[in-house]
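Participant: The structure follows.
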Amino acid sequence: MKIKTLLLSSLMLCMLASCKKDADPLPEHDPYAFLEGKWAYENGAECVFVPETKSAAGTKPPTNNIYGFVIGEAYWKNVVSTGTDEWEYDQIVRSADGVTVEYRKSTMSRKDDNTLSMNTPQLPDTELKRVR
């Protein structure tokens, strides 16, 4: 009985020693990490992107706020990564009456470490700068 236990223990030890430990998996790339934080539009408006909600709330209205933008409203909604440093999202658009609000399917991409290029249908292309 002791011999069988010894042989079985030795066999298990050999099997365990011959097993390779898998390499640690590479950390998963977070496609929203670059967007996190505060961004400034060319017109002076600012918003803060929160990865958990996939949205950006306005923290500052445009300098000439003729359209009635409100602090706290969603400037970007439903942000979805479409590739490396590219996203689709819904961009807030206010009408001249300052009351009518719609969200347009838009795209944005990373231009450099501190700049986003944005394209919203029927609006001029724009760039946002990271606010430090």
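Each chain in the structure tokens gets a letter, A, B and so on, in the order shown; residues start at 1 in every chain, and ligands are counted from 1 in the order they appear.
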At a cut-off of 9 Å, using only C-alpha atoms, what residues contact Arg132 in chain A? Leave out same-chain residues fewer than 2 positions from it and give the result as a list in words.
Facilitator: Gly37, Lys38, Trp39 and Arg130 of chain A
Participant: When you look at Val101 in chain A with a cut-off of 12 Å (counting only C-alpha atoms), what residues show up, excluding the ones that are within fewer than 4 positions of it in the same chain? I need them as a list in words.
Facilitator: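 After dropping sequence-adjacent residues, the list is Tyr67, Gly68, Phe69, Val70, Glu73, Ala74, Tyr75, Asp90, Gln91, Ile92, Val93, Arg94, Ser95, Ala96 and Asp97 of chain A.
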Participant: Please dump the current selection as an mmCIF file, in the first residue's frame; keep C-alpha atoms.
Facilitator:
```cif
data_model
loop_
_atom_site.group_PDB
_atom_site.id
_atom_site.type_symbol
_atom_site.label_atom_id
_atom_site.label_comp_id
_atom_site.auth_asym_id
_atom_site.auth_seq_id
_atom_site.Cartn_x
_atom_site.Cartn_y
_atom_site.Cartn_z
ATOM 1 C CA TYR A 67 -28.894 78.248 -28.637
ATOM 2 C CA GLY A 68 -29.483 77.840 -24.914
ATOM 3 C CA PHE A 69 -27.111 75.011 -24.017
ATOM 4 C CA VAL A 70 -27.493 73.915 -20.402
ATOM 5 C CA GLU A 73 -27.099 68.064 -20.331
ATOM 6 C CA ALA A 74 -25.600 65.278 -22.421
ATOM 7 C CA TYR A 75 -23.433 66.737 -25.172
ATOM 8 C CA ASP A 90 -24.971 60.932 -30.711
ATOM 9 C CA GLN A 91 -24.035 64.645 -30.720
ATOM 10 C CA ILE A 92 -26.425 67.190 -29.224
ATOM 11 C CA VAL A 93 -27.684 69.766 -31.711
ATOM 12 C CA ARG A 94 -29.873 72.686 -30.648
ATOM 13 C CA SER A 95 -31.999 74.700 -33.051
ATOM 14 C CA ALA A 96 -31.926 78.479 -33.290
ATOM 15 C CA ASP A 97 -35.083 78.705 -31.153
#
```
Participant: With only C-alpha atoms as the basis for distance, which of A:Lys77, A:Ile71, A:Glu88, A:Asn65 is at the shortest distance from Glu102 in chain A?
Facilitator: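 Among the listed residues, the smallest separation from Glu102 in chain A belongs to A:Lys77.
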Participant: Would you list the contacts of Met118 in chain A as number ranges by chain, taking every protein, DNA or RNA residue within 12 Å and counting only C-alpha atoms, but skipping same-chain residues closer than 5 positions in sequence?
Facilitator: A: 41-42, 76, 86-91, 105-111, 123-129
Participant: Write a file of the selected residues as a PDB file, in the first residue's frame, keeping N, CA and C atoms.
Facilitator:
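Once written, result36.pdb looks like this:
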```pdb
ATOM      1  N   TYR A  41     -14.698  72.557 -26.855  1.00  0.00           N
ATOM      2  CA  TYR A  41     -15.050  72.832 -28.249  1.00  0.00           C
ATOM      3  C   TYR A  41     -14.411  74.150 -28.672  1.00  0.00           C
ATOM      4  N   GLU A  42     -14.318  74.354 -29.984  1.00  0.00           N
ATOM      5  CA  GLU A  42     -13.761  75.593 -30.518  1.00  0.00           C
ATOM      6  C   GLU A  42     -14.597  76.815 -30.119  1.00  0.00           C
ATOM      7  N   TRP A  76     -22.698  64.421 -25.547  1.00  0.00           N
ATOM      8  CA  TRP A  76     -22.501  63.184 -26.308  1.00  0.00           C
ATOM      9  C   TRP A  76     -23.266  62.088 -25.587  1.00  0.00           C
ATOM     10  N   GLU A  86     -11.319  55.435 -32.720  1.00  0.00           N
ATOM     11  CA  GLU A  86     -12.463  55.934 -33.490  1.00  0.00           C
ATOM     12  C   GLU A  86     -13.746  55.549 -32.764  1.00  0.00           C
ATOM     13  N   TRP A  87     -14.721  56.476 -32.786  1.00  0.00           N
ATOM     14  CA  TRP A  87     -15.971  56.257 -32.076  1.00  0.00           C
ATOM     15  C   TRP A  87     -17.140  56.816 -32.869  1.00  0.00           C
ATOM     16  N   GLU A  88     -18.307  56.220 -32.670  1.00  0.00           N
ATOM     17  CA  GLU A  88     -19.574  56.776 -33.135  1.00  0.00           C
ATOM     18  C   GLU A  88     -20.332  57.198 -31.896  1.00  0.00           C
ATOM     19  N   TYR A  89     -21.162  58.235 -32.028  1.00  0.00           N
ATOM     20  CA  TYR A  89     -21.896  58.719 -30.863  1.00  0.00           C
ATOM     21  C   TYR A  89     -23.039  59.598 -31.343  1.00  0.00           C
ATOM     22  N   ASP A  90     -23.888  60.003 -30.425  1.00  0.00           N
ATOM     23  CA  ASP A  90     -24.971  60.932 -30.711  1.00  0.00           C
ATOM     24  C   ASP A  90     -24.567  62.295 -30.167  1.00  0.00           C
ATOM     25  N   GLN A  91     -24.450  63.284 -31.065  1.00  0.00           N
ATOM     26  CA  GLN A  91     -24.035  64.645 -30.720  1.00  0.00           C
ATOM     27  C   GLN A  91     -25.270  65.522 -30.544  1.00  0.00           C
ATOM     28  N   LYS A 105     -26.341  61.220 -35.207  1.00  0.00           N
ATOM     29  CA  LYS A 105     -25.268  60.227 -35.283  1.00  0.00           C
ATOM     30  C   LYS A 105     -24.029  60.908 -35.838  1.00  0.00           C
ATOM     31  N   SER A 106     -22.936  60.804 -35.124  1.00  0.00           N
ATOM     32  CA  SER A 106     -21.707  61.500 -35.479  1.00  0.00           C
ATOM     33  C   SER A 106     -20.525  60.555 -35.315  1.00  0.00           C
ATOM     34  N   THR A 107     -19.367  61.009 -35.765  1.00  0.00           N
ATOM     35  CA  THR A 107     -18.139  60.237 -35.592  1.00  0.00           C
ATOM     36  C   THR A 107     -17.054  61.144 -35.020  1.00  0.00           C
ATOM     37  N   MET A 108     -16.149  60.530 -34.294  1.00  0.00           N
ATOM     38  CA  MET A 108     -14.978  61.260 -33.809  1.00  0.00           C
ATOM     39  C   MET A 108     -13.786  60.317 -33.848  1.00  0.00           C
ATOM     40  N   SER A 109     -12.615  60.924 -33.973  1.00  0.00           N
ATOM     41  CA  SER A 109     -11.387  60.136 -34.009  1.00  0.00           C
ATOM     42  C   SER A 109     -10.266  60.924 -33.333  1.00  0.00           C
ATOM     43  N   ARG A 110      -9.321  60.184 -32.849  1.00  0.00           N
ATOM     44  CA  ARG A 110      -8.163  60.783 -32.176  1.00  0.00           C
ATOM     45  C   ARG A 110      -7.234  61.370 -33.221  1.00  0.00           C
ATOM     46  N   LYS A 111      -6.956  62.655 -33.114  1.00  0.00           N
ATOM     47  CA  LYS A 111      -6.024  63.312 -34.031  1.00  0.00           C
ATOM     48  C   LYS A 111      -4.610  63.263 -33.460  1.00  0.00           C
ATOM     49  N   LEU A 123     -23.246  69.943 -39.992  1.00  0.00           N
ATOM     50  CA  LEU A 123     -22.481  70.909 -39.202  1.00  0.00           C
ATOM     51  C   LEU A 123     -21.037  70.894 -39.691  1.00  0.00           C
ATOM     52  N   PRO A 124     -20.314  72.004 -39.535  1.00  0.00           N
ATOM     53  CA  PRO A 124     -18.895  71.990 -39.933  1.00  0.00           C
ATOM     54  C   PRO A 124     -18.098  71.016 -39.060  1.00  0.00           C
ATOM     55  N   ASP A 125     -17.110  70.374 -39.664  1.00  0.00           N
ATOM     56  CA  ASP A 125     -16.210  69.523 -38.879  1.00  0.00           C
ATOM     57  C   ASP A 125     -15.527  70.402 -37.837  1.00  0.00           C
ATOM     58  N   THR A 126     -15.234  69.802 -36.695  1.00  0.00           N
ATOM     59  CA  THR A 126     -14.631  70.574 -35.613  1.00  0.00           C
ATOM     60  C   THR A 126     -13.597  69.738 -34.876  1.00  0.00           C
ATOM     61  N   GLU A 127     -12.792  70.406 -34.078  1.00  0.00           N
ATOM     62  CA  GLU A 127     -11.828  69.728 -33.225  1.00  0.00           C
ATOM     63  C   GLU A 127     -12.090  70.097 -31.774  1.00  0.00           C
ATOM     64  N   LEU A 128     -11.884  69.159 -30.904  1.00  0.00           N
ATOM     65  CA  LEU A 128     -11.955  69.396 -29.474  1.00  0.00           C
ATOM     66  C   LEU A 128     -10.571  69.236 -28.901  1.00  0.00           C
ATOM     67  N   LYS A 129     -10.261  70.050 -27.909  1.00  0.00           N
ATOM     68  CA  LYS A 129      -8.962  69.977 -27.231  1.00  0.00           C
ATOM     69  C   LYS A 129      -9.171  69.490 -25.797  1.00  0.00           C
TER      70      LYS A 129
END
```
Participant: Return the single residue from A:Thr53, A:Thr84, A:Thr100, A:Asn78 that is closest to Phe34 in chain A, with distances computed using only C-alpha atoms.
Facilitator: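 Of the candidates, the smallest distance to Phe34 in chain A is held by A:Thr84.
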Participant: Quick one, how far is CA of Ala45 in chain A from CA of Thr59 in chain A?
Facilitator: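 That distance, rounded to one decimal, is 7.6 Å.
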Participant: Please list as a ChimeraX atom specification every residue within 10 Å of Pro51 in chain A, counting only C-alpha atoms and excluding residues in the same chain fewer than 5 positions away.
Facilitator: /A:30-37,56,79
